[in-house]
>>> print(open('protein_32.txt').read())   # compact mmCIF, C-alpha atoms
# COMPACT_ATOMS: atom_id res chain seq x y z
CA MET A 1 22.49 -19.56 41.50
CA GLY A 2 25.30 -21.00 39.30
CA GLU A 3 25.95 -19.70 35.80
CA GLN A 4 23.36 -17.42 34.19
CA PRO A 5 23.31 -16.02 30.61
CA ILE A 6 23.69 -12.23 30.50
CA PHE A 7 23.88 -11.63 26.73
CA THR A 8 22.95 -13.75 23.71
CA THR A 9 23.37 -13.30 19.95
CA ARG A 10 23.73 -15.42 16.79
CA ALA A 11 26.82 -15.72 14.57
CA HIS A 12 28.85 -18.07 12.40
CA VAL A 13 31.69 -19.56 14.47
CA PHE A 14 35.25 -20.09 13.16
CA GLN A 15 38.53 -21.31 14.68
CA ILE A 16 42.06 -20.74 13.47
CA ASP A 17 43.65 -23.71 11.74
CA PRO A 18 45.96 -25.25 14.41
CA SER A 19 48.39 -26.54 11.78
CA THR A 20 48.88 -23.33 9.77
CA LYS A 21 47.74 -20.72 12.33
CA LYS A 22 46.58 -18.72 9.32
CA ASN A 23 43.41 -20.07 7.74
CA TRP A 24 39.97 -20.02 9.34
CA VAL A 25 38.14 -23.34 9.80
CA PRO A 26 34.31 -23.19 10.14
CA ALA A 27 33.18 -24.63 13.48
CA SER A 28 29.47 -24.41 12.61
CA LYS A 29 27.63 -25.05 9.37
CA GLN A 30 25.18 -22.22 10.06
CA ALA A 31 24.63 -19.33 12.46
CA VAL A 32 24.43 -20.59 16.08
CA THR A 33 23.69 -19.03 19.45
CA VAL A 34 26.67 -17.37 21.20
CA SER A 35 26.13 -16.33 24.86
CA TYR A 36 27.97 -14.61 27.72
CA PHE A 37 27.60 -16.51 31.04
CA TYR A 38 28.33 -15.18 34.55
CA ASP A 39 29.24 -17.60 37.34
CA SER A 40 28.36 -15.89 40.64
CA THR A 41 30.04 -18.65 42.67
CA ARG A 42 33.44 -18.27 41.03
CA ASN A 43 32.85 -14.65 40.00
CA SER A 44 33.94 -15.45 36.43
CA TYR A 45 32.67 -14.88 32.89
CA ARG A 46 32.60 -17.27 29.93
CA ILE A 47 31.58 -17.25 26.26
CA ILE A 48 29.74 -20.47 25.38
CA SER A 49 28.30 -21.68 22.07
CA VAL A 50 26.74 -25.06 21.35
CA ASP A 51 25.97 -26.52 17.91
CA GLY A 52 23.49 -29.31 18.56
CA SER A 53 25.17 -31.44 21.23
CA LYS A 54 28.72 -30.22 20.44
CA VAL A 55 30.35 -27.40 22.45
CA ILE A 56 32.25 -25.29 19.91
CA ILE A 57 33.14 -22.34 22.22
CA ASN A 58 34.01 -22.55 25.93
CA SER A 59 36.22 -19.53 26.55
CA THR A 60 36.80 -18.01 30.01
CA ILE A 61 37.30 -14.25 29.72
CA THR A 62 40.40 -12.80 31.38
CA PRO A 63 41.52 -9.17 31.67
CA ASN A 64 44.32 -9.81 29.15
CA MET A 65 41.98 -10.80 26.32
CA ASN A 66 41.15 -8.41 23.49
CA PHE A 67 38.34 -8.57 20.95
CA THR A 68 39.41 -7.25 17.52
CA LYS A 69 37.15 -6.19 14.67
CA THR A 70 38.78 -7.33 11.43
CA SER A 71 35.94 -6.22 9.13
CA GLN A 72 32.46 -4.70 9.27
CA LYS A 73 30.87 -8.03 10.21
CA PHE A 74 33.75 -10.16 11.56
CA GLY A 75 35.60 -10.14 14.88
CA GLN A 76 38.05 -12.41 16.74
CA TRP A 77 39.80 -12.98 20.08
CA ALA A 78 42.62 -15.22 21.27
CA ASP A 79 42.17 -17.73 24.11
CA SER A 80 45.56 -18.81 25.50
CA ARG A 81 44.03 -21.47 27.74
CA ALA A 82 42.29 -23.14 24.78
CA ASN A 83 45.38 -22.42 22.66
CA THR A 84 43.27 -21.14 19.75
CA VAL A 85 41.72 -18.07 18.16
CA PHE A 86 37.94 -17.80 17.83
CA GLY A 87 36.26 -15.85 15.04
CA LEU A 88 32.63 -14.75 14.74
CA GLY A 89 30.84 -13.70 11.56
CA PHE A 90 27.71 -11.61 12.19
CA ALA A 91 24.78 -10.77 9.97
CA SER A 92 25.16 -7.02 10.51
CA GLU A 93 27.68 -4.47 11.76
CA GLN A 94 25.32 -3.51 14.61
CA GLN A 95 25.40 -7.05 16.06
CA LEU A 96 29.22 -7.03 15.90
CA SER A 97 29.37 -3.68 17.72
CA LYS A 98 27.05 -4.91 20.50
CA PHE A 99 29.10 -8.09 20.97
CA ALA A 100 32.37 -6.07 21.10
CA GLU A 101 30.92 -3.64 23.65
CA LYS A 102 29.74 -6.52 25.82
CA PHE A 103 33.19 -8.16 25.54
CA GLN A 104 34.87 -4.97 26.80
CA GLU A 105 32.32 -4.67 29.63
CA VAL A 106 32.82 -8.28 30.73
CA LYS A 107 36.59 -7.90 30.45
CA GLU A 108 36.54 -4.93 32.83
CA ALA A 109 34.29 -6.86 35.24
CA ALA A 110 36.71 -9.80 35.17
CA LYS A 111 39.59 -7.40 35.88
CA LEU A 112 37.81 -5.93 38.92
CA ALA A 113 36.95 -9.44 40.17
CA ARG A 114 40.62 -10.47 39.94
CA GLU A 115 41.79 -7.35 41.80
CA LYS A 116 39.28 -7.94 44.59
CA SER A 117 40.31 -11.57 44.87
CA GLN A 118 43.98 -10.62 45.13
CA GLU A 119 43.19 -8.01 47.81
CA LYS A 120 41.28 -10.59 49.84
CA MET A 121 44.13 -13.08 49.55
CA GLU A 122 46.72 -10.50 50.65
CA THR A 123 44.55 -9.36 53.57
CA SER A 124 43.93 -12.92 54.80
CA SER A 125 47.62 -13.80 54.54
CA ASP A 126 48.66 -10.67 56.51
CA GLN A 127 46.11 -11.37 59.22
CA SER A 128 47.22 -14.99 59.53
CA GLN A 129 50.86 -13.89 59.86
CA GLU A 130 50.07 -11.31 62.56
CA SER A 131 47.90 -13.68 64.58
CA GLY A 132 50.58 -16.37 64.42
CA HIS A 133 53.34 -14.01 65.64
CA GLU A 134 51.18 -12.60 68.45
CA THR A 135 50.19 -16.04 69.70
CA GLN A 136 53.75 -17.31 69.64
CA SER A 137 55.18 -14.25 71.46
CA GLY A 138 52.44 -14.35 74.08
CA ASN A 139 53.09 -18.00 74.77
CA GLN A 140 56.79 -17.44 75.06
CA GLU A 141 56.32 -14.61 77.56
CA SER A 142 53.93 -16.64 79.62
CA SER A 143 56.21 -19.64 79.59
CA PHE A 144 59.33 -17.74 80.55
CA ASN A 145 57.89 -15.21 82.93
CA GLY A 146 55.05 -17.31 84.31
CA THR A 147 51.83 -15.99 85.76
CA ASP A 148 51.59 -13.56 88.63
CA ASP A 149 50.38 -16.32 90.91
CA GLU A 150 53.36 -18.46 89.98
CA LYS A 151 55.75 -15.56 90.64
CA ILE A 152 54.21 -15.04 94.01
CA SER A 153 53.95 -18.62 95.06
CA HIS A 154 57.06 -19.95 93.29
CA VAL A 155 55.53 -23.36 93.73
CA PRO A 156 55.98 -25.59 90.66
CA ASP A 157 52.90 -27.48 89.47
CA ASP A 158 53.66 -30.39 87.11
CA THR A 159 50.14 -30.59 85.76
CA ALA A 160 50.02 -26.90 84.88
CA LEU A 161 53.42 -27.11 83.22
CA LYS A 162 52.36 -30.10 81.11
CA SER A 163 49.17 -28.40 79.96
CA GLU A 164 51.12 -25.25 79.17
CA ASN A 165 53.66 -27.24 77.18
CA ASP A 166 50.89 -28.98 75.27
CA ARG A 167 49.27 -25.66 74.49
CA LEU A 168 52.58 -24.25 73.30
CA LYS A 169 53.15 -27.28 71.08
CA SER A 170 49.71 -26.90 69.47
CA VAL A 171 50.30 -23.18 68.95
CA ALA A 172 53.68 -23.96 67.35
CA GLU A 173 52.11 -26.53 65.08
CA GLN A 174 49.41 -24.05 64.07
CA SER A 175 52.08 -21.44 63.43
CA LYS A 176 54.00 -23.88 61.21
CA LYS A 177 50.78 -24.69 59.32
CA LEU A 178 50.08 -20.99 58.84
CA GLU A 179 53.64 -20.41 57.65
CA MET A 180 53.30 -23.33 55.23
CA GLU A 181 49.96 -21.95 53.95
CA LEU A 182 51.54 -18.52 53.63
CA GLN A 183 54.44 -19.98 51.67
CA ALA A 184 51.99 -21.88 49.47
CA LEU A 185 50.08 -18.65 48.87
CA LYS A 186 53.32 -16.89 47.98
CA ASP A 187 54.26 -19.70 45.63
CA SER A 188 50.76 -19.54 44.12
CA ASN A 189 51.05 -15.77 43.69
CA ALA A 190 54.45 -16.21 42.06
CA HIS A 191 53.03 -18.89 39.80
CA LEU A 192 50.08 -16.66 38.94
CA THR A 193 52.48 -13.79 38.24
CA ASP A 194 54.55 -15.99 35.95
CA THR A 195 51.37 -17.24 34.27
CA LEU A 196 50.21 -13.65 33.87
CA ASN A 197 53.52 -12.61 32.36
CA GLU A 198 53.45 -15.63 30.07
CA ALA A 199 49.87 -14.81 29.10
CA ASN A 200 50.92 -11.22 28.38
CA SER A 201 53.76 -12.42 26.18
CA LYS A 202 51.41 -14.86 24.46
CA ALA A 203 48.91 -12.06 24.03
CA GLU A 204 51.56 -9.93 22.35
CA SER A 205 52.50 -12.81 20.09
CA TRP A 206 48.83 -13.40 19.38
CA LYS A 207 48.42 -9.72 18.57
CA SER A 208 51.20 -9.97 16.01
CA LYS A 209 49.65 -13.17 14.69
CA VAL A 210 46.25 -11.50 14.58
CA THR A 211 47.74 -8.60 12.65
CA GLN A 212 49.35 -11.05 10.28
CA SER A 213 46.06 -12.93 10.04
CA GLN A 214 44.27 -9.68 9.23
CA ASP A 215 46.71 -9.02 6.41
CA GLU A 216 46.26 -12.56 5.20
CA ASN A 217 42.48 -12.16 5.51
CA ASN A 218 42.66 -9.03 3.38
CA GLN A 219 44.71 -10.93 0.81
CA LEU A 220 42.21 -13.80 0.97
CA ARG A 221 39.33 -11.37 0.51
CA HIS A 222 41.11 -9.94 -2.53
CA LYS A 223 41.64 -13.46 -3.86
CA ILE A 224 38.02 -14.30 -3.10
CA SER A 225 36.86 -11.24 -5.05
CA GLU A 226 39.08 -12.31 -7.93
CA LEU A 227 37.70 -15.85 -7.70
CA GLU A 228 34.16 -14.46 -7.65
CA ASP A 229 34.93 -12.51 -10.82
CA GLN A 230 36.35 -15.66 -12.34
CA CYS A 231 33.25 -17.56 -11.21
CA LYS A 232 31.09 -14.96 -12.92
CA GLU A 233 33.12 -15.42 -16.10
CA VAL A 234 32.81 -19.20 -15.72
CA ASN A 235 29.05 -18.85 -15.28
CA GLN A 236 28.89 -16.71 -18.41
CA GLU A 237 30.92 -19.32 -20.26
CA ARG A 238 28.56 -22.00 -18.97
CA GLU A 239 25.59 -20.02 -20.25
CA ARG A 240 27.31 -19.62 -23.59
CA ASN A 241 28.11 -23.33 -23.66
CA ALA A 242 24.47 -24.12 -22.83
CA GLN A 243 23.33 -21.87 -25.69
CA LEU A 244 25.87 -23.49 -28.00
CA SER A 245 24.68 -26.93 -26.90
CA LEU A 246 21.10 -25.97 -27.73
CA ARG A 247 22.23 -24.60 -31.08
CA ILE A 248 24.19 -27.81 -31.75
CA GLN A 249 21.13 -29.88 -30.92
CA GLU A 250 19.04 -27.77 -33.30
CA LEU A 251 21.67 -28.16 -36.01
CA GLU A 252 21.83 -31.91 -35.40
CA ALA A 253 18.05 -32.10 -35.76
CA ASP A 254 18.26 -30.08 -39.00
CA LEU A 255 21.07 -32.34 -40.18
CA GLN A 256 18.95 -35.42 -39.51
CA GLU A 257 16.10 -33.87 -41.46
CA LYS A 258 18.44 -33.06 -44.36
CA GLU A 259 19.85 -36.58 -44.26
CA GLN A 260 16.30 -37.96 -44.39
CA GLU A 261 15.54 -35.68 -47.34
CA LEU A 262 18.76 -36.80 -49.02
CA GLU A 263 17.79 -40.44 -48.48
CA ASP A 264 14.39 -39.73 -50.02
CA LEU A 265 16.11 -38.05 -52.96
CA ARG A 266 18.39 -41.04 -53.35
CA LYS A 267 15.38 -43.33 -53.44
CA GLN A 268 13.77 -41.03 -55.96
CA ALA A 269 16.99 -40.97 -58.01
CA GLU A 270 16.71 -44.72 -58.42
CA THR A 271 13.45 -44.12 -60.38
CA ILE A 272 15.01 -41.42 -62.59
CA PRO A 273 15.92 -43.80 -65.50
CA GLN A 274 12.34 -44.98 -65.67
CA LEU A 275 11.18 -41.40 -65.52
CA VAL A 276 13.66 -40.48 -68.30
CA THR A 277 12.29 -43.27 -70.48
CA LYS A 278 8.75 -42.14 -69.81
CA CYS A 279 9.82 -38.54 -70.45
CA GLU A 280 11.36 -39.53 -73.81
CA SER A 281 8.20 -41.38 -74.82
CA VAL A 282 6.09 -38.45 -73.71
CA THR A 283 8.42 -36.11 -75.60
CA ALA A 284 8.01 -38.21 -78.77
CA LYS A 285 4.26 -38.23 -78.30
CA LEU A 286 4.41 -34.50 -77.66
CA GLN A 287 6.42 -33.93 -80.85
CA ALA A 288 3.92 -36.06 -82.80
CA ALA A 289 1.11 -34.11 -81.23
CA GLU A 290 2.87 -30.87 -82.13
CA THR A 291 3.25 -32.11 -85.75
CA ALA A 292 -0.41 -33.08 -85.84
CA ASN A 293 -1.23 -29.76 -84.23
CA ARG A 294 0.67 -27.96 -86.95
CA GLY A 295 -1.31 -29.89 -89.62
CA LEU A 296 -4.51 -29.12 -87.83
CA SER A 297 -3.43 -25.49 -87.55
CA GLU A 298 -2.87 -25.36 -91.32
CA LYS A 299 -6.23 -27.01 -91.86
CA MET A 300 -7.80 -24.57 -89.48
CA THR A 301 -6.19 -21.74 -91.41
CA LEU A 302 -7.60 -23.08 -94.67
CA LEU A 303 -10.99 -23.64 -93.07
CA GLN A 304 -10.87 -20.16 -91.63
CA SER A 305 -10.09 -18.72 -95.03
CA GLU A 306 -12.90 -20.78 -96.56
CA ILE A 307 -15.21 -19.61 -93.79
CA ASP A 308 -14.19 -16.04 -94.48
CA ASP A 309 -14.88 -16.56 -98.20
CA SER A 310 -18.25 -18.17 -97.46
CA GLN A 311 -19.11 -15.37 -95.12
CA GLN A 312 -18.18 -12.85 -97.81
CA ASN A 313 -20.26 -14.79 -100.35
CA GLN A 314 -23.15 -14.82 -97.90
CA LYS A 315 -22.80 -11.09 -97.47
CA ASN A 316 -22.80 -10.64 -101.24
CA MET A 317 -25.81 -12.96 -101.61
CA LYS A 318 -27.60 -11.06 -98.87
CA SER A 319 -26.97 -7.77 -100.62
CA GLU A 320 -28.15 -9.18 -103.94
CA LEU A 321 -31.15 -10.75 -102.22
CA LYS A 322 -31.94 -7.41 -100.67
CA ARG A 323 -31.73 -5.71 -104.01
CA PHE A 324 -33.92 -8.40 -105.47
CA MET A 325 -36.41 -7.95 -102.66
CA ASP A 326 -36.41 -4.24 -103.23
CA VAL A 327 -37.06 -4.78 -106.93
CA LEU A 328 -39.75 -7.31 -106.09
CA ASP A 329 -41.38 -4.89 -103.71
CA GLY A 330 -41.38 -2.26 -106.48
CA LYS A 331 -42.89 -4.69 -108.94
CA ILE A 332 -45.52 -5.71 -106.35
CA ASP A 333 -46.37 -2.09 -105.81
CA GLU A 334 -46.64 -1.53 -109.53
CA LEU A 335 -48.83 -4.62 -109.80
CA HIS A 336 -51.03 -3.34 -107.06
CA GLU A 337 -51.38 -0.07 -108.77
CA VAL A 338 -52.26 -1.88 -111.95
CA ARG A 339 -54.89 -3.86 -110.06
CA GLN A 340 -56.31 -0.71 -108.64
CA SER A 341 -56.41 0.93 -112.07
CA ILE A 342 -58.05 -2.16 -113.53
CA SER A 343 -60.58 -2.19 -110.75
CA LYS A 344 -61.32 1.44 -111.39
CA LEU A 345 -61.73 0.76 -115.06
CA GLY A 346 -64.07 -2.07 -114.19
CA VAL A 347 -66.15 0.18 -112.09
CA ASP A 348 -66.26 2.80 -114.81
CA ASN A 349 -67.29 0.26 -117.38
>>> encode(input="protein_32.txt", output="structure tokens")
Amino acid sequence: MGEQPIFTTRAHVFQIDPSTKKNWVPASKQAVTVSYFYDSTRNSYRIISVDGSKVIINSTITPNMNFTKTSQKFGQWADSRANTVFGLGFASEQQLSKFAEKFQEVKEAAKLAREKSQEKMETSSDQSQESGHETQSGNQESSFNGTDDEKISHVPDDTALKSENDRLKSVAEQSKKLEMELQALKDSNAHLTDTLNEANSKAESWKSKVTQSQDENNQLRHKISELEDQCKEVNQERERNAQLSLRIQELEADLQEKEQELEDLRKQAETIPQLVTKCESVTAKLQAAETANRGLSEKMTLLQSEIDDSQQNQKNMKSELKRFMDVLDGKIDELHEVRQSISKLGVDN
């Protein structure tokens, strides 16, 4: 069947800086797929992540690996074969917890697979040693003691002896091969033991480095928070600068308007002498008009007094005319009475 994915998630991938062994270097520009793969042929587990066509994680899980949560959404593990430390940033704490649980599960499965493999190797090596010793001892007994027929007959057969010698030689060669394979297996086990011890020591050193990295990460987070505060202050200053720039532009526009008004006033000031001359002539004319107005006012006063006198005379004449009319009316009445008396006298006569 080959390798099959058994768990998949998405995360931002980081690797430790190989030069400083302290800072994290982003391996992906965005969140990518991170999967656990199981190889049934080799009975092994791997973590694989691909960004486009680039493989950014190819880590075979061993029983000595440990996955460490350094924050609510970030975790890391050391890979001694790749000589690096991988870090994953998740979108939520739940995703980190699931990935860590799966890492522990796969780690235990890898441990059981290694133990079974070692048991099979030890069993096969013991069986090969026993079969080799039994075959060699049996051949020696048969060669020295001979068969029952040979003991009875005591007749040497050259052909039988040659075939027996050939068979013994082949058995000896097979025994040597088995001993060589056994020695190679022992050497391989010793090498694996040394590698395991070295991996354990590296794991301890990585643990100390991870602890140091965690402290440095905490310091970096503190610095990042400080930088974020400073960025907020910078943004506020930028907003203030933008407001000041707008205010400066408004003031510059006002200044241009004032300069234009001042230029207009300067142009108008050039006509001031002419205006002063006109003003002086107008003032002289106004003074002459005021003088004439005063004369006219005096004449008006005299005319008004004359009008008042004429009006008073008219009133007096009207009163006299009224008295005259009253007298005339009385005389007319008397004349009428006289006419009536005359007419009466005429009638009497």
>>> atom_distance(input="protein_32.txt", atom1="CA of His12 (chain A)", atom2="CA of Val210 (chain A)")
18.7 Å
>>> atom_distance(input="protein_32.txt", atom1="CA of Pro26 (chain A)", atom2="CA of Ile61 (chain A)")
21.7 Å
>>> atom_distance(input="protein_32.txt", atom1="CA of Met317 (chain A)", atom2="CA of Leu302 (chain A)")
22.0 Å
>>> closest_residue(input="protein_32.txt", among="A:Ser49, A:Lys54, A:Glu93, A:Ser44", to="Lys107 (chain A)", atoms="all atoms listed in the file")
A:Ser44
>>> residues_around(input="protein_32.txt", residues="Ala91 (chain A)", least_positions_apart="3", cutoff="9 Å", atoms="only C-alpha atoms", output="ChimeraX atom specification")
/A:10-12,31,73,94-96
>>> closest_residue(input="protein_32.txt", among="A:Glu3, A:Glu261, A:Asp17, A:Glu280", to="Arg42 (chain A)", atoms="only C-alpha atoms")
A:Glu3
>>> residues_around(input="protein_32.txt", residues="Ser71 (chain A)", least_positions_apart="5", cutoff="12 Å", atoms="all atoms listed in the file", output="PyMOL selection string")
chain A and resi 76+87-90+92-93+96-97+214-215+217-218+221
>>> closest_residue(input="protein_32.txt", among="A:Leu328, A:Ala78, A:Ile307, A:Leu275", to="Ile16 (chain A)", atoms="only C-alpha atoms")
A:Ala78
>>> residues_around(input="protein_32.txt", residues="Phe103 (chain A)", least_positions_apart="2", cutoff="9 Å", atoms="only C-alpha atoms", output="MDAnalysis selection string")
chainID A and resid 36 61 66:67 98:101 105:108
>>> write_last_selection(input="protein_32.txt", atoms="C-alpha atoms", output="PDB file, in the coordinates of the input")
ATOM      1  CA  TYR A  36      27.970 -14.610  27.720  1.00  0.00           C
ATOM      2  CA  ILE A  61      37.300 -14.250  29.720  1.00  0.00           C
ATOM      3  CA  ASN A  66      41.150  -8.410  23.490  1.00  0.00           C
ATOM      4  CA  PHE A  67      38.340  -8.570  20.950  1.00  0.00           C
ATOM      5  CA  LYS A  98      27.050  -4.910  20.500  1.00  0.00           C
ATOM      6  CA  PHE A  99      29.100  -8.090  20.970  1.00  0.00           C
ATOM      7  CA  ALA A 100      32.370  -6.070  21.100  1.00  0.00           C
ATOM      8  CA  GLU A 101      30.920  -3.640  23.650  1.00  0.00           C
ATOM      9  CA  GLU A 105      32.320  -4.670  29.630  1.00  0.00           C
ATOM     10  CA  VAL A 106      32.820  -8.280  30.730  1.00  0.00           C
ATOM     11  CA  LYS A 107      36.590  -7.900  30.450  1.00  0.00           C
ATOM     12  CA  GLU A 108      36.540  -4.930  32.830  1.00  0.00           C
TER      13      GLU A 108
END
>>> closest_residue(input="protein_32.txt", among="A:Glu239, A:Glu337, A:Asp166, A:Glu204", to="Met65 (chain A)", atoms="all atoms listed in the file")
A:Glu204
>>> residues_around(input="protein_32.txt", residues="region 18-23 of chain A", least_positions_apart="3", cutoff="8 Å", atoms="all atoms listed in the file", output="list in words")
Thr84, Ser213 and Glu216 of chain A
>>> residues_near_point(input="protein_32.txt", point="(44.4, -10.1, 32.8)", cutoff="7 Å", atoms="all atoms listed in the file", output="PDB file with C-alpha atoms, keeping the file's coordinate frame")
ATOM      1  CA  THR A  62      40.400 -12.800  31.380  1.00  0.00           C
ATOM      2  CA  PRO A  63      41.520  -9.170  31.670  1.00  0.00           C
ATOM      3  CA  ASN A  64      44.320  -9.810  29.150  1.00  0.00           C
ATOM      4  CA  MET A  65      41.980 -10.800  26.320  1.00  0.00           C
ATOM      5  CA  LYS A 111      39.590  -7.400  35.880  1.00  0.00           C
ATOM      6  CA  LEU A 196      50.210 -13.650  33.870  1.00  0.00           C
TER       7      LEU A 196
END
>>> residues_around(input="protein_32.txt", residues="Asn58 (chain A)", least_positions_apart="6", cutoff="8 Å", atoms="all atoms listed in the file", output="list of chain:residue names")
A:Arg46, A:Ile47, A:Ile48, A:Ser49
